[in-house]
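Chemist: Handing you this structure, nothing more for now.
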Amino acid sequence: MAGWLERFSLSKPKSAEHAKERLRLVLIHDRTDLTPYELEALKNDLLEVICKYVEIDSKGAHISVAQDGREQRLVADIPIAKTRKRRSG
Amino acid sequence: MSATTITITSGKGGVGKTTTTANLAVALALSGCKVVCIDGDIGLRNLDVVLGLENRIVYDLVDAVEGRCRLRQAMIRDKRVPELYLIPAAQTRDKSAVSPSDMVRLVDELREEVDYILIDSPAGIERGFRNAIAPADQVIVVTNPEVSAVRDADRIIGLVEAEEKGPARLIINRLNPSMIKRGDMLTSEDVLELLAVQLIGVVPEDEAVIISTNKGYPVALDGKSRAGQAFHRIAQRLRGKEVPMESFSEKEDFFSKISRIWRSGGE
């Protein structure tokens, strides 16, 4: 009876959705030869370098690998912090 | 006559490369083309049993490459269709007996004789795979709608591109429509979105394939089964015909879901 009710519930994610999501991530790492750990390190290094030149809002930064056909691109969206210095100075 | 050479590969083993090669060869031959298929899996030959020609082997690919026989003598004619030939792999020799340049030379010798040369690649990404794609004009990657097969297909598609044999085209084999309806199998749209390649055909899972392989009588020979018909449609597409792509992926709507649960008695 519990199984019968379960079949009606729409909230349970289907296994095919799991497969697709897992494959999406695995293929990005296979194609770029970047482990999740390396991607995280790259992100941190990148932000550090940018910080030398401009003040950024690192919490709002998004750096990820996106798929474009069979090509991968590194997409960085890094908000620049509002500079208050000039006004006050 | 100058043949088109098509290599069928996959990366992962067991996805249906040999079945696909055998059935496309049969379907092309039945549509009036002269076809030679070559088993590239040296040491693990199987195209002969799938085609039901295992008792007629005298010479093999390695004999032809090493000059122990003429190429003609290694070609076994399938008497059930007008113009279909098999060049079997050697069973006892090691894989290094054949090189990519041997394959190119052998295929060039056949080109003027036939319309299509189909090469069944071994699984993996080593020597056998490189031998199989070296003479290819086109590459077909076979996959199943399943995580490990799709991952390996992606790797192979990348390697085919790197060898400048791309773009590879995809066959999704063993699609199970009722599992797709339940949301428990990747649809062909899902697989295409992930792999970003051109689809050349979808073959539904079909018991007829195992039954026909048991008998050595490829499903495409009588063309009544769903898988057999799918192979015939792919063969037509290979010949440049416009054949609409079959869809097995319609998701279940609310009412059919209710009625299915109702019919199953809610157990």
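Letters A, B, ... go to the chains of the structure tokens in the order shown; residues in each chain start at 1; ligands are counted from 1 in the same order.
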Could you please tell me, as a PDB file with C-alpha atoms, in the first residue's frame, which residues of chain A have an atom within 6 Å of chain B when using only C-alpha atoms?

Modeler:
ATOM      1  CA  TRP A   4       1.015   2.447  -4.187  1.00  0.00           C
ATOM      2  CA  LYS A  14      13.621   9.986 -11.119  1.00  0.00           C
ATOM      3  CA  SER A  15      16.828   8.001 -11.570  1.00  0.00           C
ATOM      4  CA  ALA A  16      17.288   9.298 -15.129  1.00  0.00           C
ATOM      5  CA  GLY A  69      28.468  22.148 -27.944  1.00  0.00           C
ATOM      6  CA  ARG A  70      31.548  19.936 -27.585  1.00  0.00           C
TER       7      ARG A  70
END

Chemist: List as a JSON list (two decimals) with N, CA and C atoms, in the first residue's frame the protein and nucleic acid residues near Pro135 (chain B), meaning an atom at most 10 Å away when only C-alpha atoms are counted, but skip any in the same chain fewer than 6 places from it.

Modeler:
[["chain", "number", "residue", "atom", "x", "y", "z"],
["B", 5, "THR", "N", 34.18, 3.97, -46.25],
["B", 5, "THR", "CA", 34.62, 3.13, -45.13],
["B", 5, "THR", "C", 34.09, 3.71, -43.82],
["B", 6, "ILE", "N", 33.33, 2.88, -43.11],
["B", 6, "ILE", "CA", 32.70, 3.34, -41.88],
["B", 6, "ILE", "C", 33.17, 2.46, -40.72],
["B", 7, "THR", "N", 33.73, 3.08, -39.69],
["B", 7, "THR", "CA", 34.17, 2.33, -38.52],
["B", 7, "THR", "C", 33.14, 2.48, -37.40],
["B", 100, "PRO", "N", 48.08, 0.27, -37.93],
["B", 100, "PRO", "CA", 47.17, 1.17, -38.65],
["B", 100, "PRO", "C", 47.49, 1.27, -40.15],
["B", 101, "SER", "N", 48.77, 1.28, -40.51],
["B", 101, "SER", "CA", 49.09, 1.40, -41.95],
["B", 101, "SER", "C", 48.72, 0.12, -42.72],
["B", 102, "ASP", "N", 48.81, -1.05, -42.05],
["B", 102, "ASP", "CA", 48.33, -2.30, -42.68],
["B", 102, "ASP", "C", 46.85, -2.18, -43.02],
["B", 103, "MET", "N", 46.08, -1.62, -42.08],
["B", 103, "MET", "CA", 44.63, -1.49, -42.27],
["B", 103, "MET", "C", 44.33, -0.53, -43.44],
["B", 104, "VAL", "N", 45.07, 0.56, -43.49],
["B", 104, "VAL", "CA", 44.86, 1.53, -44.58],
["B", 104, "VAL", "C", 45.15, 0.86, -45.92],
["B", 105, "ARG", "N", 46.23, 0.10, -45.99],
["B", 105, "ARG", "CA", 46.63, -0.58, -47.23],
["B", 105, "ARG", "C", 45.56, -1.60, -47.65],
["B", 106, "LEU", "N", 45.09, -2.38, -46.67],
["B", 106, "LEU", "CA", 44.09, -3.41, -46.94],
["B", 106, "LEU", "C", 42.77, -2.81, -47.44],
["B", 107, "VAL", "N", 42.35, -1.75, -46.76],
["B", 107, "VAL", "CA", 41.09, -1.10, -47.15],
["B", 107, "VAL", "C", 41.22, -0.45, -48.53],
["B", 108, "ASP", "N", 42.38, 0.14, -48.82],
["B", 108, "ASP", "CA", 42.58, 0.75, -50.14],
["B", 108, "ASP", "C", 42.47, -0.30, -51.25],
["B", 117, "ILE", "N", 32.59, -0.43, -46.81],
["B", 117, "ILE", "CA", 33.45, -1.25, -45.97],
["B", 117, "ILE", "C", 33.13, -0.87, -44.53],
["B", 119, "ILE", "N", 33.92, -1.48, -40.55],
["B", 119, "ILE", "CA", 34.94, -2.04, -39.65],
["B", 119, "ILE", "C", 34.41, -2.07, -38.23],
["B", 165, "LYS", "N", 39.16, 12.38, -37.59],
["B", 165, "LYS", "CA", 38.23, 11.48, -38.25],
["B", 165, "LYS", "C", 36.79, 11.91, -37.96]]

Chemist: Counting only C-alpha atoms, what is within 12 Å of Leu28 (chain B), bar same-chain residues fewer than 4 positions away, as a ChimeraX atom specification?

Modeler: /B:4,20-24,32-37,81-85,114-118,220-221,231-240

Chemist: Find the distance between CA of Asn131 (chain B) and CA of Val15 (chain B) and write it in Å to one decimal.

Modeler: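 Computing it gives 19.8 Å between the two atoms.
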
Chemist: Grab the CA of Asp120 (chain B) to CA of Asp137 (chain B) distance for me, in Å with one decimal place.

Modeler: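 Atom-to-atom, CA of Asp120 (chain B) to CA of Asp137 (chain B), that is 13.9 Å.
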
Chemist: Between CA of Ile78 (chain A) and CA of His62 (chain A), what is the distance, to one decimal in Å?

Modeler: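 Answer for the CA of Ile78 (chain A) to CA of His62 (chain A) separation: 6.3 Å.
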
Chemist: With DSSP run on the backbone, what are the helix (DSSP H, G or I) residues within region 35-251 of chain B? I'd like them as a PyMOL selection string.

Modeler: chain B and resi 47-51+54-56+61-65+71-74+95-97+100-111+127-133+147-162+177-182+188-195+207-215+219-221+226-238

Chemist: So which residues of region 30-259 of chain B fall under strand (DSSP E or B) by DSSP, listed as a PDB file with C-alpha atoms, in the first residue's frame?

Modeler:
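Listing of selection_5.pdb after writing:
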ATOM      1  CA  VAL B  35      29.433  -4.631 -48.628  1.00  0.00           C
ATOM      2  CA  VAL B  36      32.527  -5.989 -46.888  1.00  0.00           C
ATOM      3  CA  CYS B  37      32.668  -6.040 -43.117  1.00  0.00           C
ATOM      4  CA  ILE B  38      35.950  -6.439 -41.284  1.00  0.00           C
ATOM      5  CA  ASP B  39      36.283  -7.735 -37.722  1.00  0.00           C
ATOM      6  CA  ILE B  76      33.773 -15.096 -46.763  1.00  0.00           C
ATOM      7  CA  ARG B  77      30.648 -14.609 -48.819  1.00  0.00           C
ATOM      8  CA  LEU B  84      27.961  -9.358 -48.430  1.00  0.00           C
ATOM      9  CA  TYR B  85      31.433 -10.463 -47.365  1.00  0.00           C
ATOM     10  CA  LEU B  86      33.176 -10.903 -44.021  1.00  0.00           C
ATOM     11  CA  ILE B  87      36.889 -10.644 -43.329  1.00  0.00           C
ATOM     12  CA  TYR B 116      30.716  -0.004 -48.279  1.00  0.00           C
ATOM     13  CA  ILE B 117      33.453  -1.254 -45.975  1.00  0.00           C
ATOM     14  CA  LEU B 118      32.305  -1.571 -42.349  1.00  0.00           C
ATOM     15  CA  ILE B 119      34.940  -2.045 -39.651  1.00  0.00           C
ATOM     16  CA  ASP B 120      33.956  -3.446 -36.257  1.00  0.00           C
ATOM     17  CA  GLN B 138      33.196   8.082 -41.273  1.00  0.00           C
ATOM     18  CA  VAL B 139      32.991   6.981 -37.649  1.00  0.00           C
ATOM     19  CA  ILE B 140      29.887   5.765 -35.853  1.00  0.00           C
ATOM     20  CA  VAL B 141      29.915   5.627 -32.054  1.00  0.00           C
ATOM     21  CA  VAL B 142      27.487   3.175 -30.448  1.00  0.00           C
ATOM     22  CA  THR B 143      26.298   3.827 -26.923  1.00  0.00           C
ATOM     23  CA  ARG B 169      27.848  10.187 -35.470  1.00  0.00           C
ATOM     24  CA  LEU B 170      25.924   8.417 -32.725  1.00  0.00           C
ATOM     25  CA  ILE B 171      23.739   5.331 -32.490  1.00  0.00           C
ATOM     26  CA  ILE B 172      21.845   4.926 -29.220  1.00  0.00           C
ATOM     27  CA  ASN B 173      21.310   1.203 -28.799  1.00  0.00           C
ATOM     28  CA  ARG B 174      19.084  -0.730 -26.375  1.00  0.00           C
ATOM     29  CA  LEU B 175      16.722   2.098 -25.539  1.00  0.00           C
ATOM     30  CA  GLN B 198      24.786  14.168 -34.539  1.00  0.00           C
ATOM     31  CA  LEU B 199      22.416  11.240 -34.053  1.00  0.00           C
ATOM     32  CA  ILE B 200      22.140   8.690 -36.855  1.00  0.00           C
ATOM     33  CA  GLY B 201      19.735   6.281 -35.208  1.00  0.00           C
ATOM     34  CA  VAL B 202      18.040   4.846 -32.148  1.00  0.00           C
ATOM     35  CA  VAL B 203      17.616   1.087 -31.683  1.00  0.00           C
ATOM     36  CA  PRO B 204      15.072  -0.075 -29.107  1.00  0.00           C
TER      37      PRO B 204
END

Chemist: Which residues are close to Gly14 (chain B), i.e. within 10 Å by only C-alpha atoms, leaving aside same-chain residues fewer than 2 positions away? Reply as a list in words.

Modeler: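 These residues fall inside the cut-off: Ser10, Gly11, Lys12, Gly16, Lys17, Thr18, Thr19, Ala123, Thr143, Asn144 and Ala149 of chain B.
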
Chemist: Please, could you write that set of residues out with C-alpha atoms as a PDB file, in the first residue's frame?

Modeler:
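And here is the file that came out, out05.pdb:
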ATOM      1  CA  SER B  10      32.200   2.688 -28.679  1.00  0.00           C
ATOM      2  CA  GLY B  11      34.891   2.769 -26.014  1.00  0.00           C
ATOM      3  CA  LYS B  12      32.939   0.605 -23.609  1.00  0.00           C
ATOM      4  CA  GLY B  16      26.332  -3.647 -29.273  1.00  0.00           C
ATOM      5  CA  LYS B  17      29.101  -2.695 -31.717  1.00  0.00           C
ATOM      6  CA  THR B  18      29.300  -6.117 -33.321  1.00  0.00           C
ATOM      7  CA  THR B  19      25.507  -6.490 -33.529  1.00  0.00           C
ATOM      8  CA  ALA B 123      36.429  -1.927 -27.176  1.00  0.00           C
ATOM      9  CA  THR B 143      26.298   3.827 -26.923  1.00  0.00           C
ATOM     10  CA  ASN B 144      23.563   2.756 -24.498  1.00  0.00           C
ATOM     11  CA  ALA B 149      28.447   3.889 -21.797  1.00  0.00           C
TER      12      ALA B 149
END
